Amino acid sequence: MYKHLFRFLSVLLFVIIICGTVQATNLELTVLDSLDNITISHATVFLNDVNIGMTDNFGQFYISQVSSNDFKLRLSASGYNDWQNTVGGNVTNLTVNMDRKSLTLKLSIYDSDTLSPIPNADITLTAENLTQTKQTDNTGSVTFGVTGVTIYTININSQNYPLRTETIEIGSANREAQYWLLSSNRFSFVVKDQDGMTPIQDAEVRLDTVLAGKTDSRGILNTQVGRGKTYSIDIRKDGYQPYIETRAITDTDALLNVVMSKVPVGAFVYAVDESQAPVSGAEVYLDGTLVGTTDKYGHYTLSNVVSGSYSVEVRKTGLVNTQESINVTKQGDEFTVVLPFETVGLTVYVQDKEQKFLPNVTILFNNENRGLTDSHGQISTNAKLNTLYNITAIKDGYLTVSVQKEFKQDNMTPTLSITIEKNLDWGFIGLIIVGALVIILLFGLIRMGRSKRRPHIIRKDEI
C-alpha cells in the first residue's frame, strides 16, 4: 500500500514540475539607443502600467512571467521618447531600441564689451557625424533642431572676432545658451592713481582727439581700435596731470597701463563761530598735523593739497574744537567749519538788600527756566562763552530783576550775584493813608464842635 502511495506522489511531483516549466517564462530585456546602439541604463520598466523596476548599468532587466498570456510593456528614459508594445507571454529575449527626443537649441551671441547682439555670425553645430550650419539673425540668435541625450560641439565664427568653440549637452528638455565674443579690435585702458595704485574712475580717454569713453569703477575702459595704426592718446581727470602719448597699437597689444599723478589744486578753510562771525587766529590741523592759523577774516589756504579726502580740525580758545572730513575735488574748493561757543559752569547767587541769600528764586536765561535757588540762595548751571544772556530772577513778594551778562574765557568758574528788593505793600500803605485821613477828619470835626460852644465876650470897643 505504501509503495503505491509513494509512486503516486512521485508522479504528481513530476507533473507539477513539468507544468511549471511550461507556464513560467523568464524574459531577458535589453534596452538600446536607436541612434548608436549604446545600452540605456536606468530606463523605467512598466508591466501592464505597473512600475516593476529599472534597467541596470548594462541596459538589461529580467522579467519573470507567471503565465503565457500576452502583456503590455512600456519603457521610459530621460531624453527619449517612451516605447510601448504588446509582448507575447512566450518571449524569452527582447531587445528594444528607444528613439531620442526631438528638441530645440537656441543660441544667442553678444559682444562682450558693448553687450550688443552680433548678427550674421556663422554657427556650426556638430554631433555624431551630423553637422548643421546657420547664421544668427538681427537679434544675434539662432535655433537648431537637436536630439535629447546628445553632446554637441558649437563653433562660433564672426568677422572681427576670434573663433570660439564650446560644448553643450542636451538632456531631456529644450535648451537656450548665451555666449560672449571678444572682439579682435578690443583694446583696454587701465588707469590707476600713482599713490596706492587705486583705480581712477571717470578718466576721459581720447584717441586722435576723439572721446573713446570714460573709465569705469575699476579704472578700465574697453574700446574698439584698429590694429597696426598709430594713435595720439590723451587721458585726463580733474586733479591729475594729463597723460599724453603717441604710440602704435599692434596685433600683440591687448591693453595699456596708465599711472597718473595728482597735482596740487588748493582749498580754503573758513572758520566761523555759531553766530557766523569769522574766527581769527584759529589753529588749522590737516590729518592731525598743524598747518597754520586763520587770518582776521577767518580764512586759511591749504595751498599744497591734491584732490582727495582729508580730516580738517579747527581749534580756538573759548570755542569747541571742531573736526570735519572734506573731499577736495577741484581747484579752489572752500569748506566752512563752524565752531560752537564753549560751555562753562556758572553759579548764580540771589540776595536781598540786607545781603541775605534768598531760596526758591526762579532763574531764567533768555526766558529759559534754569531752576530754583537752594537754601543758600544759589543755583549751578552752565553758560556759553561770548554769548549775551538776559538773566532774570523771580520771587513772590519781590521785585523781578533782569541783568544782561556775557561770559568771557576764564580759568575759574564764573559767578553772578543778583540783588532783589521786596515789593511795596500798597494795600497796607493804603490802609495807613485812609487811617490818617480819618484821624485828620475827626480832628477837624472836634475843633469845629468846640468853637460852637465857646461864650461870646463883649470887648470894650464894642460898647
# chains A, B, ... in the order shown; residues from 1 in each chain; ligands from 1

call {"tool": "residues_around", "arguments": {"residues": "Ala121 in chain A", "least_positions_apart": "2", "cutoff": "6 Å", "atoms": "only C-alpha atoms", "output": "list of chain:residue names"}}
result
A:Pro119, A:Gln135, A:Thr136, A:Asn157, A:Ser158

call {"tool": "residues_around", "arguments": {"residues": "Thr150 in chain A", "least_positions_apart": "2", "cutoff": "9 Å", "atoms": "only C-alpha atoms", "output": "list in words"}}
result
Gly79, Arg100, Ala127, Glu128, Val146, Thr147, Gly148, Tyr152, Ile168, Glu169, Ile170 and Gly171 of chain A

call {"tool": "closest_atom_pairs", "arguments": {"of": "range 136-238 of chain A", "to": "range 260-282 of chain A", "cutoff": "10 Å", "atoms": "only C-alpha atoms", "output": "tab-separated table"}}
result
residue	atom	partner	partner_atom	distance
A:Val191	CA	A:Met260	CA	7.3
A:Lys192	CA	A:Met260	CA	6.3
A:Asp193	CA	A:Met260	CA	5.3
A:Gln194	CA	A:Ser261	CA	5.3
A:Asp195	CA	A:Ser261	CA	7.5
A:Met197	CA	A:Met260	CA	9.2
A:Ile200	CA	A:Met260	CA	8.6
A:Ile235	CA	A:Met260	CA	9.1
A:Arg236	CA	A:Met260	CA	8.9
A:Lys237	CA	A:Met260	CA	8.9
A:Asp238	CA	A:Lys262	CA	8.8

call {"tool": "select_by_dssp", "arguments": {"residues": "range 182-427 of chain A", "states": "strand (DSSP E)", "output": "number ranges by chain"}}
result
A: 186-193, 204-207, 210-214, 220-224, 229-236, 243-249, 255-260, 267-273, 283-286, 289-293, 299-302, 308-315, 322-328, 333-339, 343-351, 362-365, 368-372, 378-384, 388-394, 401-406, 415-419

call {"tool": "closest_residue", "arguments": {"among": "A:Val434, A:Val205, A:Ile118, A:Leu385", "to": "Asp234 in chain A", "atoms": "only C-alpha atoms"}}
result
A:Val205

call {"tool": "closest_residue", "arguments": {"among": "A:Gln201, A:Val350, A:Val305, A:Leu73", "to": "Thr415 in chain A", "atoms": "only C-alpha atoms"}}
result
A:Val350

call {"tool": "atom_distance", "arguments": {"atom1": "CA of Gly59 in chain A", "atom2": "CA of Asn90 in chain A"}}
result
21.5 Å

call {"tool": "residues_around", "arguments": {"residues": "Gly213 in chain A", "least_positions_apart": "2", "cutoff": "12 Å", "atoms": "only C-alpha atoms", "output": "ChimeraX atom specification"}}
result
/A:188-189,201-207,209-211,215-216,219-224,234-236

call {"tool": "residues_around", "arguments": {"residues": "Leu358 in chain A", "least_positions_apart": "6", "cutoff": "8 Å", "atoms": "only C-alpha atoms", "output": "VMD selection string"}}
result
chain A and resid 350 to 352 373 375 to 377

call {"tool": "decode", "arguments": {"residues": "range 143-162 of chain A", "atoms": "C-alpha atoms", "output": "short mmCIF file (atom, residue, chain, number, x, y, z; two decimals), in the first residue's frame"}}
result
data_model
loop_
_atom_site.label_atom_id
_atom_site.label_comp_id
_atom_site.auth_asym_id
_atom_site.auth_seq_id
_atom_site.Cartn_x
_atom_site.Cartn_y
_atom_site.Cartn_z
CA THR A 143 17.68 77.96 -33.29
CA PHE A 144 18.69 74.37 -34.15
CA GLY A 145 16.74 71.15 -34.08
CA VAL A 146 18.54 68.72 -31.77
CA THR A 147 18.00 65.39 -30.08
CA GLY A 148 17.97 64.59 -26.41
CA VAL A 149 20.86 62.96 -24.54
CA THR A 150 23.35 64.31 -27.07
CA ILE A 151 26.60 66.24 -26.74
CA TYR A 152 27.13 68.91 -29.39
CA THR A 153 30.17 70.93 -30.41
CA ILE A 154 29.45 74.59 -31.23
CA ASN A 155 31.77 76.66 -33.43
CA ILE A 156 31.04 80.43 -33.47
CA ASN A 157 32.68 82.49 -36.20
CA SER A 158 32.10 86.19 -36.90
CA GLN A 159 34.06 88.95 -38.59
CA ASN A 160 36.42 90.87 -36.27
CA TYR A 161 36.01 88.19 -33.60
CA PRO A 162 38.22 85.17 -32.90
#
